[in-house]
Amino acid sequence: MPPFDTTAHSLHLGDARGLSWIADESVDLVVTSPPYWTLKQYAEDRDGQMGDIDDYEAFLDELDKVWKECERTLVHGGRICCVVGDVCIPRKKGGRHYIMPLHADIQVRARKLGLDCLT
């Protein structure tokens with residue numbers, strides 16, 4: 001029997017900072033795309049969204065909670081596939097145009113949490 005005939009997939013929408021309902025070492029693959037810091041309002045009626053955090057370091061601290069939860073749920077050899085882009089801050093918002101290297105900051109912080117970047 002081909003291996004794909006026996007797999008089961010499920011998709012869950014929610015706050016990845018709290019995944020206590022998922023057992024330790026029970027997930028083979030996490031696919032995620034973190035919110036874009038301060039650039040996109042995902043839902044006006046939901047308080048506590050990570051994209052609403054004004055301070056970049058505080059935003060990264062909250063993302064660390066996500067990576068810790070993902071790491072806890074992953075089986076040995078499991079993978080996290082993270083789709084992320086850098087954040088361009090326009091001159092009208094920051095007084096000058098600059099780019100926050102979100103992808104690089106995630107890599108550095110994830111490595112400190114014990115995760116390896118495979119690019």
# chains A, B, ... in the order shown; residues from 1 in each chain; ligands from 1
call {"tool": "residues_around", "arguments": {"residues": "Cys70 (chain A)", "least_positions_apart": "3", "cutoff": "8 Å", "atoms": "only C-alpha atoms", "output": "list in words"}}
result
Ala16, Val30, Val66, Trp67, Thr73, Leu74 and Ile80 of chain A
call {"tool": "write_last_selection", "arguments": {"atoms": "N, CA and C atoms", "output": "CSV table (one decimal), in the first residue's frame"}}
result
chain,number,residue,atom,x,y,z
A,16,ALA,N,-1.3,30.4,17.6
A,16,ALA,CA,-0.3,29.4,17.7
A,16,ALA,C,0.6,29.5,18.9
A,30,VAL,N,4.8,21.5,10.4
A,30,VAL,CA,4.1,22.7,10.7
A,30,VAL,C,4.3,23.6,9.5
A,66,VAL,N,5.5,31.0,19.8
A,66,VAL,CA,5.0,30.2,18.7
A,66,VAL,C,6.0,29.1,18.4
A,67,TRP,N,7.3,29.5,18.2
A,67,TRP,CA,8.3,28.5,17.8
A,67,TRP,C,8.5,27.5,18.9
A,73,THR,N,5.6,20.3,19.8
A,73,THR,CA,4.6,19.4,19.2
A,73,THR,C,5.3,18.5,18.1
A,74,LEU,N,6.4,18.9,17.6
A,74,LEU,CA,7.1,18.2,16.5
A,74,LEU,C,7.7,16.9,16.9
A,80,ILE,N,9.4,22.6,10.4
A,80,ILE,CA,8.6,23.8,10.4
A,80,ILE,C,8.8,24.5,9.1
call {"tool": "select_by_dssp", "arguments": {"residues": "region 10-103 of chain A", "states": "helix (DSSP H, G or I)", "output": "NGL selection string"}}
result
:A and (50-52 or 56-73 or 91-94 or 102-103)
call {"tool": "write_last_selection", "arguments": {"atoms": "N, CA and C atoms", "output": "PDB file, in the first residue's frame"}}
result
ATOM      1  N   MET A  50      -0.974  39.441  17.187  1.00  0.00           N
ATOM      2  CA  MET A  50       0.457  39.722  17.169  1.00  0.00           C
ATOM      3  C   MET A  50       0.800  40.863  16.226  1.00  0.00           C
ATOM      4  N   GLY A  51       0.072  40.999  15.140  1.00  0.00           N
ATOM      5  CA  GLY A  51       0.336  42.071  14.191  1.00  0.00           C
ATOM      6  C   GLY A  51       0.064  43.454  14.746  1.00  0.00           C
ATOM      7  N   ASP A  52      -0.637  43.526  15.879  1.00  0.00           N
ATOM      8  CA  ASP A  52      -0.948  44.810  16.510  1.00  0.00           C
ATOM      9  C   ASP A  52       0.131  45.274  17.484  1.00  0.00           C
ATOM     10  N   TYR A  56       8.882  46.133  18.058  1.00  0.00           N
ATOM     11  CA  TYR A  56       9.414  45.021  17.264  1.00  0.00           C
ATOM     12  C   TYR A  56       9.973  43.901  18.137  1.00  0.00           C
ATOM     13  N   GLU A  57      10.725  44.234  19.178  1.00  0.00           N
ATOM     14  CA  GLU A  57      11.292  43.203  20.056  1.00  0.00           C
ATOM     15  C   GLU A  57      10.191  42.447  20.792  1.00  0.00           C
ATOM     16  N   ALA A  58       9.151  43.152  21.214  1.00  0.00           N
ATOM     17  CA  ALA A  58       8.016  42.486  21.869  1.00  0.00           C
ATOM     18  C   ALA A  58       7.312  41.554  20.888  1.00  0.00           C
ATOM     19  N   PHE A  59       7.218  41.970  19.637  1.00  0.00           N
ATOM     20  CA  PHE A  59       6.638  41.133  18.585  1.00  0.00           C
ATOM     21  C   PHE A  59       7.457  39.848  18.425  1.00  0.00           C
ATOM     22  N   LEU A  60       8.780  39.988  18.369  1.00  0.00           N
ATOM     23  CA  LEU A  60       9.651  38.818  18.240  1.00  0.00           C
ATOM     24  C   LEU A  60       9.547  37.911  19.466  1.00  0.00           C
ATOM     25  N   ASP A  61       9.393  38.509  20.647  1.00  0.00           N
ATOM     26  CA  ASP A  61       9.210  37.709  21.867  1.00  0.00           C
ATOM     27  C   ASP A  61       7.952  36.850  21.766  1.00  0.00           C
ATOM     28  N   GLU A  62       6.884  37.415  21.214  1.00  0.00           N
ATOM     29  CA  GLU A  62       5.640  36.656  21.038  1.00  0.00           C
ATOM     30  C   GLU A  62       5.819  35.558  19.992  1.00  0.00           C
ATOM     31  N   LEU A  63       6.567  35.851  18.937  1.00  0.00           N
ATOM     32  CA  LEU A  63       6.856  34.820  17.932  1.00  0.00           C
ATOM     33  C   LEU A  63       7.649  33.669  18.544  1.00  0.00           C
ATOM     34  N   ASP A  64       8.543  33.980  19.479  1.00  0.00           N
ATOM     35  CA  ASP A  64       9.303  32.924  20.152  1.00  0.00           C
ATOM     36  C   ASP A  64       8.373  31.932  20.838  1.00  0.00           C
ATOM     37  N   LYS A  65       7.262  32.425  21.374  1.00  0.00           N
ATOM     38  CA  LYS A  65       6.276  31.534  22.000  1.00  0.00           C
ATOM     39  C   LYS A  65       5.701  30.564  20.978  1.00  0.00           C
ATOM     40  N   VAL A  66       5.506  31.047  19.760  1.00  0.00           N
ATOM     41  CA  VAL A  66       5.001  30.186  18.678  1.00  0.00           C
ATOM     42  C   VAL A  66       6.023  29.105  18.362  1.00  0.00           C
ATOM     43  N   TRP A  67       7.285  29.508  18.203  1.00  0.00           N
ATOM     44  CA  TRP A  67       8.319  28.525  17.839  1.00  0.00           C
ATOM     45  C   TRP A  67       8.490  27.481  18.934  1.00  0.00           C
ATOM     46  N   LYS A  68       8.399  27.911  20.198  1.00  0.00           N
ATOM     47  CA  LYS A  68       8.509  26.955  21.309  1.00  0.00           C
ATOM     48  C   LYS A  68       7.372  25.941  21.273  1.00  0.00           C
ATOM     49  N   GLU A  69       6.163  26.407  21.003  1.00  0.00           N
ATOM     50  CA  GLU A  69       5.023  25.500  20.924  1.00  0.00           C
ATOM     51  C   GLU A  69       5.158  24.554  19.733  1.00  0.00           C
ATOM     52  N   CYS A  70       5.595  25.090  18.607  1.00  0.00           N
ATOM     53  CA  CYS A  70       5.788  24.240  17.428  1.00  0.00           C
ATOM     54  C   CYS A  70       6.839  23.174  17.707  1.00  0.00           C
ATOM     55  N   GLU A  71       7.949  23.577  18.317  1.00  0.00           N
ATOM     56  CA  GLU A  71       9.024  22.625  18.615  1.00  0.00           C
ATOM     57  C   GLU A  71       8.532  21.527  19.561  1.00  0.00           C
ATOM     58  N   ARG A  72       7.716  21.903  20.532  1.00  0.00           N
ATOM     59  CA  ARG A  72       7.186  20.932  21.491  1.00  0.00           C
ATOM     60  C   ARG A  72       6.311  19.888  20.801  1.00  0.00           C
ATOM     61  N   THR A  73       5.552  20.303  19.812  1.00  0.00           N
ATOM     62  CA  THR A  73       4.613  19.386  19.161  1.00  0.00           C
ATOM     63  C   THR A  73       5.262  18.530  18.079  1.00  0.00           C
ATOM     64  N   ARG A  91       8.374  55.749   4.833  1.00  0.00           N
ATOM     65  CA  ARG A  91       8.865  57.014   5.370  1.00  0.00           C
ATOM     66  C   ARG A  91       7.787  57.726   6.194  1.00  0.00           C
ATOM     67  N   LYS A  92       6.536  57.662   5.735  1.00  0.00           N
ATOM     68  CA  LYS A  92       5.463  58.377   6.445  1.00  0.00           C
ATOM     69  C   LYS A  92       5.176  57.771   7.823  1.00  0.00           C
ATOM     70  N   LYS A  93       5.571  56.537   8.027  1.00  0.00           N
ATOM     71  CA  LYS A  93       5.344  55.890   9.325  1.00  0.00           C
ATOM     72  C   LYS A  93       6.565  55.993  10.235  1.00  0.00           C
ATOM     73  N   GLY A  94       7.740  55.827   9.687  1.00  0.00           N
ATOM     74  CA  GLY A  94       8.949  55.784  10.504  1.00  0.00           C
ATOM     75  C   GLY A  94       9.855  56.987  10.369  1.00  0.00           C
ATOM     76  N   LEU A 102      12.931  40.681   9.176  1.00  0.00           N
ATOM     77  CA  LEU A 102      12.170  39.709   9.958  1.00  0.00           C
ATOM     78  C   LEU A 102      12.655  38.281   9.729  1.00  0.00           C
ATOM     79  N   HIS A 103      12.940  37.928   8.481  1.00  0.00           N
ATOM     80  CA  HIS A 103      13.376  36.549   8.208  1.00  0.00           C
ATOM     81  C   HIS A 103      14.665  36.219   8.966  1.00  0.00           C
TER      82      HIS A 103
END
call {"tool": "atom_distance", "arguments": {"atom1": "CA of Arg111 (chain A)", "atom2": "CA of Cys81 (chain A)"}}
result
14.6 Å
call {"tool": "residues_around", "arguments": {"residues": "region 32-36 of chain A", "least_positions_apart": "4", "cutoff": "6 Å", "atoms": "only C-alpha atoms", "output": "list in words"}}
result
Gly51, Cys82, Val83 and Val84 of chain A
call {"tool": "write_last_selection", "arguments": {"atoms": "N, CA and C atoms", "output": "short mmCIF file (atom, residue, chain, number, x, y, z; two decimals), in the first residue's frame"}}
result
data_model
loop_
_atom_site.label_atom_id
_atom_site.label_comp_id
_atom_site.auth_asym_id
_atom_site.auth_seq_id
_atom_site.Cartn_x
_atom_site.Cartn_y
_atom_site.Cartn_z
N GLY A 51 0.07 41.00 15.14
CA GLY A 51 0.34 42.07 14.19
C GLY A 51 0.06 43.45 14.75
N CYS A 82 8.20 27.81 7.32
CA CYS A 82 7.78 29.17 7.67
C CYS A 82 7.94 30.08 6.45
N VAL A 83 6.84 30.63 6.00
CA VAL A 83 6.85 31.58 4.89
C VAL A 83 6.84 32.98 5.51
N VAL A 84 7.91 33.72 5.30
CA VAL A 84 8.02 35.04 5.93
C VAL A 84 8.78 35.99 5.03
#
